[in-house]
Amino acid sequence: MELENKFYRMESGDFENEFNKAKKNFIPNLLYAISKSCDVDNIETDLVLGVPASNLGISEELKEKLLNKSFNFNLFEVTKNIKINKVATVAEGLSSFYTLPKEERAKDLVILDIGGRTWNICVSSGGKCIMKFTVPGGMIDLYSEIQEDYNKLGNNADVEEIIRLIKNDTIDTSKAKERFVKDKLNKVRLKVPNFSTYKIWGAGGGSLDLQDALRENLGNLNFVPDPLFSNVKGNKLIAEAKWGK
């Protein structure tokens with residue numbers, strides 16, 4: 001991608017360590033994602049963006065960067081133009097809530113939305129969100145902990161290499177995942193009174209990677225429909241309710 005005389009290689013590179021999404025260089029990835037979702041080169045769109053539940057204060061920063069803005073760029077040597085007409089933000093985890101069946105949304109439930117840098121928690125009762133908050137530390141942080149332990153043995157692997165070694169079963173991550181999940185759940189329990197009385201739902205790619213450790217600590221665990229994309233699908237439902245299809 002070429003944007004404002006800078007070139008970007010998409011779907012590769014190092015992990016972004018900036019927690020504040022408004023301060024990340026997110027626009028190239030956003031434009032790339034919009035382009036992949038549309039078959040035309042001139043696009044006008046409205047956006048609902050997910051942000052960490054405890055980071056909703058960045059909403060105005062995001063709107064300032066995107067609202068009523070046009071972006072011209074080249075993608076694989078094809079000229080693209082994207083105009084963003086409307087922008088709204090919603091807490092991650094809360095988006096996934098709207099993908100649940102209506103009868104499930106009416107129950108007492110907690111959604112654990114586990115991403116790369118955070119756990120976003122949505123607590124709901126009687127169909128209404130009564131609490132939402134963020135626990136810092138997601139899958140990238142877990143990989144960094146595993147990397148530290150692995151390199152203490154005389155190895156020299158970066159996080160990307162650690163992920164490869166995990167995928168091919170070179171590294172046993174069961175103990176690290178158990179320790180990581182227990183720590184995060186303890187922080188959730190401190191904020192959610194009578195946590196065990198709620199039905200627990202997993203969302204986000206991290207919930208799938210950590211499902212064994214989650215079940216070990218929780219006993220019963222449910223997954224929202226299509227956990228990896230549930231926030232995106234929930235955002236679409238919110239956009240349609242807010243602005244129409």
# chains A, B, ... in the order shown; residues from 1 in each chain; ligands from 1
>>> select_by_dssp(residues="range 12-241 of chain A", states="alpha helix (DSSP H)", output="VMD selection string")
chain A and resid 27 to 37 59 to 66 94 to 97 102 to 105 139 to 151 159 to 167 174 to 191 205 to 209 211 to 218 230 to 241
>>> select_by_dssp(residues="range 54-208 of chain A", states="strand (DSSP E or B)", output="PyMOL selection string")
chain A and resi 69-75+78-91+109-114+118-125+128-136+199-203
>>> write_last_selection(atoms="C-alpha atoms", output="PDB file, in the first residue's frame")
ATOM      1  CA  LYS A  69     -12.328  12.459   5.750  1.00  0.00           C
ATOM      2  CA  SER A  70     -11.306  11.172   2.321  1.00  0.00           C
ATOM      3  CA  PHE A  71      -8.277   8.959   1.763  1.00  0.00           C
ATOM      4  CA  ASN A  72      -6.581   8.405  -1.583  1.00  0.00           C
ATOM      5  CA  PHE A  73      -4.023   5.606  -1.849  1.00  0.00           C
ATOM      6  CA  ASN A  74      -2.697   2.834  -4.066  1.00  0.00           C
ATOM      7  CA  LEU A  75      -3.230  -0.794  -3.158  1.00  0.00           C
ATOM      8  CA  VAL A  78      -4.753   0.106  -8.022  1.00  0.00           C
ATOM      9  CA  THR A  79      -5.884   3.618  -7.054  1.00  0.00           C
ATOM     10  CA  LYS A  80      -8.459   3.644  -4.252  1.00  0.00           C
ATOM     11  CA  ASN A  81     -10.568   6.391  -2.713  1.00  0.00           C
ATOM     12  CA  ILE A  82     -12.390   5.961   0.592  1.00  0.00           C
ATOM     13  CA  LYS A  83     -14.716   8.581   2.121  1.00  0.00           C
ATOM     14  CA  ILE A  84     -15.803   8.048   5.735  1.00  0.00           C
ATOM     15  CA  ASN A  85     -19.127   9.781   6.400  1.00  0.00           C
ATOM     16  CA  LYS A  86     -20.049   8.668   9.931  1.00  0.00           C
ATOM     17  CA  VAL A  87     -18.073   7.303  12.881  1.00  0.00           C
ATOM     18  CA  ALA A  88     -19.257   5.769  16.157  1.00  0.00           C
ATOM     19  CA  THR A  89     -17.405   3.812  18.834  1.00  0.00           C
ATOM     20  CA  VAL A  90     -18.505   0.993  21.115  1.00  0.00           C
ATOM     21  CA  ALA A  91     -16.806  -0.909  23.918  1.00  0.00           C
ATOM     22  CA  LEU A 109     -24.006 -12.986  31.964  1.00  0.00           C
ATOM     23  CA  VAL A 110     -20.378 -11.956  31.700  1.00  0.00           C
ATOM     24  CA  ILE A 111     -18.554 -11.694  28.384  1.00  0.00           C
ATOM     25  CA  LEU A 112     -14.787 -12.208  28.508  1.00  0.00           C
ATOM     26  CA  ASP A 113     -13.457 -10.655  25.309  1.00  0.00           C
ATOM     27  CA  ILE A 114      -9.787 -11.638  25.117  1.00  0.00           C
ATOM     28  CA  THR A 118      -6.546  -6.610  26.805  1.00  0.00           C
ATOM     29  CA  TRP A 119      -9.388  -8.537  28.391  1.00  0.00           C
ATOM     30  CA  ASN A 120     -12.560  -6.490  27.913  1.00  0.00           C
ATOM     31  CA  ILE A 121     -15.326  -7.423  30.316  1.00  0.00           C
ATOM     32  CA  CYS A 122     -19.038  -6.807  29.803  1.00  0.00           C
ATOM     33  CA  VAL A 123     -21.423  -7.664  32.662  1.00  0.00           C
ATOM     34  CA  SER A 124     -25.123  -7.776  31.788  1.00  0.00           C
ATOM     35  CA  SER A 125     -28.346  -8.443  33.664  1.00  0.00           C
ATOM     36  CA  LYS A 128     -28.773  -4.376  29.974  1.00  0.00           C
ATOM     37  CA  CYS A 129     -25.051  -3.818  30.416  1.00  0.00           C
ATOM     38  CA  ILE A 130     -24.480  -2.992  34.088  1.00  0.00           C
ATOM     39  CA  MET A 131     -20.684  -2.901  34.065  1.00  0.00           C
ATOM     40  CA  LYS A 132     -17.854  -2.799  31.542  1.00  0.00           C
ATOM     41  CA  PHE A 133     -14.135  -2.527  32.160  1.00  0.00           C
ATOM     42  CA  THR A 134     -10.736  -3.525  30.807  1.00  0.00           C
ATOM     43  CA  VAL A 135      -8.106  -5.771  32.368  1.00  0.00           C
ATOM     44  CA  PRO A 136      -4.738  -4.931  30.739  1.00  0.00           C
ATOM     45  CA  LYS A 199     -23.198 -17.336  32.795  1.00  0.00           C
ATOM     46  CA  ILE A 200     -19.773 -16.889  31.225  1.00  0.00           C
ATOM     47  CA  TRP A 201     -19.256 -16.295  27.508  1.00  0.00           C
ATOM     48  CA  GLY A 202     -15.920 -16.213  25.716  1.00  0.00           C
ATOM     49  CA  ALA A 203     -15.254 -13.840  22.819  1.00  0.00           C
TER      50      ALA A 203
END
>>> residues_around(residues="Lys102 in chain A", least_positions_apart="5", cutoff="10 Å", atoms="only C-alpha atoms", output="PyMOL selection string")
chain A and resi 97+107+127
>>> residues_around(residues="Lys167 in chain A", least_positions_apart="6", cutoff="12 Å", atoms="only C-alpha atoms", output="VMD selection string")
chain A and resid 143 160 to 161 173 209
>>> closest_residue(among="A:Leu228, A:Glu178, A:Ile238, A:Asp183", to="Asp212 in chain A", atoms="only C-alpha atoms")
A:Glu178
>>> atom_distance(atom1="CA of Val48 in chain A", atom2="CA of Glu64 in chain A")
14.2 Å
>>> residues_around(residues="Phe229 in chain A", least_positions_apart="5", cutoff="12 Å", atoms="only C-alpha atoms", output="list in words")
Gly50, Glu92, Gly93, Ser95, Ser96, Thr99, Asp113, Ile114, Gly115, Gly202, Ala203, Gly204, Gly205, Gly206, Ser207, Leu208, Phe223, Val224, Gly234, Asn235 and Lys236 of chain A
>>> closest_residue(among="A:Lys36, A:Lys182, A:Lys65, A:Arg117", to="Met139 in chain A", atoms="only C-alpha atoms")
A:Arg117
>>> atom_distance(atom1="CA of Gln211 in chain A", atom2="CA of Lys233 in chain A")
21.3 Å
>>> residues_around(residues="Ile163 in chain A", least_positions_apart="6", cutoff="12 Å", atoms="only C-alpha atoms", output="PyMOL selection string")
chain A and resi 15+139-147+150+157+169-173+209
>>> write_last_selection(atoms="C-alpha atoms", output="PDB file, in the first residue's frame")
ATOM      1  CA  PHE A  15       3.286  -6.537  16.771  1.00  0.00           C
ATOM      2  CA  MET A 139      -2.313 -12.684  24.131  1.00  0.00           C
ATOM      3  CA  ILE A 140       0.709 -10.616  23.072  1.00  0.00           C
ATOM      4  CA  ASP A 141       1.574 -10.178  26.741  1.00  0.00           C
ATOM      5  CA  LEU A 142       1.221 -13.931  27.302  1.00  0.00           C
ATOM      6  CA  TYR A 143       3.536 -14.613  24.364  1.00  0.00           C
ATOM      7  CA  SER A 144       6.053 -12.166  25.849  1.00  0.00           C
ATOM      8  CA  GLU A 145       5.965 -14.048  29.165  1.00  0.00           C
ATOM      9  CA  ILE A 146       6.505 -17.351  27.347  1.00  0.00           C
ATOM     10  CA  GLN A 147       9.338 -15.739  25.356  1.00  0.00           C
ATOM     11  CA  TYR A 150      12.068 -19.728  26.818  1.00  0.00           C
ATOM     12  CA  ALA A 157      13.622 -16.004  20.058  1.00  0.00           C
ATOM     13  CA  ASP A 169       4.139 -27.766  19.578  1.00  0.00           C
ATOM     14  CA  THR A 170       7.842 -27.140  20.241  1.00  0.00           C
ATOM     15  CA  ILE A 171       6.887 -25.182  23.363  1.00  0.00           C
ATOM     16  CA  ASP A 172       4.429 -26.509  25.952  1.00  0.00           C
ATOM     17  CA  THR A 173       2.317 -23.515  26.987  1.00  0.00           C
ATOM     18  CA  ASP A 209      -6.547 -20.135  22.454  1.00  0.00           C
TER      19      ASP A 209
END
>>> residues_around(residues="Tyr32 in chain A", least_positions_apart="4", cutoff="9 Å", atoms="only C-alpha atoms", output="list in words")
Met1, Met10, Ile27, Pro28, Lys36, Ser37 and Leu75 of chain A
>>> closest_atom_pairs(of="range 204-229 of chain A", to="range 189-196 of chain A", cutoff="12 Å", atoms="only C-alpha atoms", output="CSV")
residue,atom,partner,partner_atom,distance
A:Asn217,CA,A:Ser196,CA,11.0
A:Leu218,CA,A:Ser196,CA,8.2
A:Gly219,CA,A:Ser196,CA,10.0
A:Asn220,CA,A:Ser196,CA,10.0
A:Leu221,CA,A:Ser196,CA,11.5
>>> write_last_selection(atoms="N, CA and C atoms", output="compact mmCIF listing (two decimals), in the first residue's frame")
# COMPACT_ATOMS: atom_id res chain seq x y z
N ASN A 217 -10.46 -23.25 35.12
CA ASN A 217 -10.71 -22.28 36.19
C ASN A 217 -12.18 -21.96 36.39
N LEU A 218 -12.97 -22.07 35.32
CA LEU A 218 -14.38 -21.66 35.38
C LEU A 218 -15.35 -22.83 35.48
N GLY A 219 -14.92 -23.99 35.01
CA GLY A 219 -15.84 -25.12 34.92
C GLY A 219 -16.66 -25.01 33.65
N ASN A 220 -17.69 -24.20 33.67
CA ASN A 220 -18.56 -24.05 32.50
C ASN A 220 -18.16 -22.81 31.71
N LEU A 221 -18.01 -22.97 30.41
CA LEU A 221 -17.66 -21.86 29.53
C LEU A 221 -18.43 -21.98 28.23
>>> atom_distance(atom1="CA of Lys184 in chain A", atom2="CA of Tyr198 in chain A")
16.9 Å
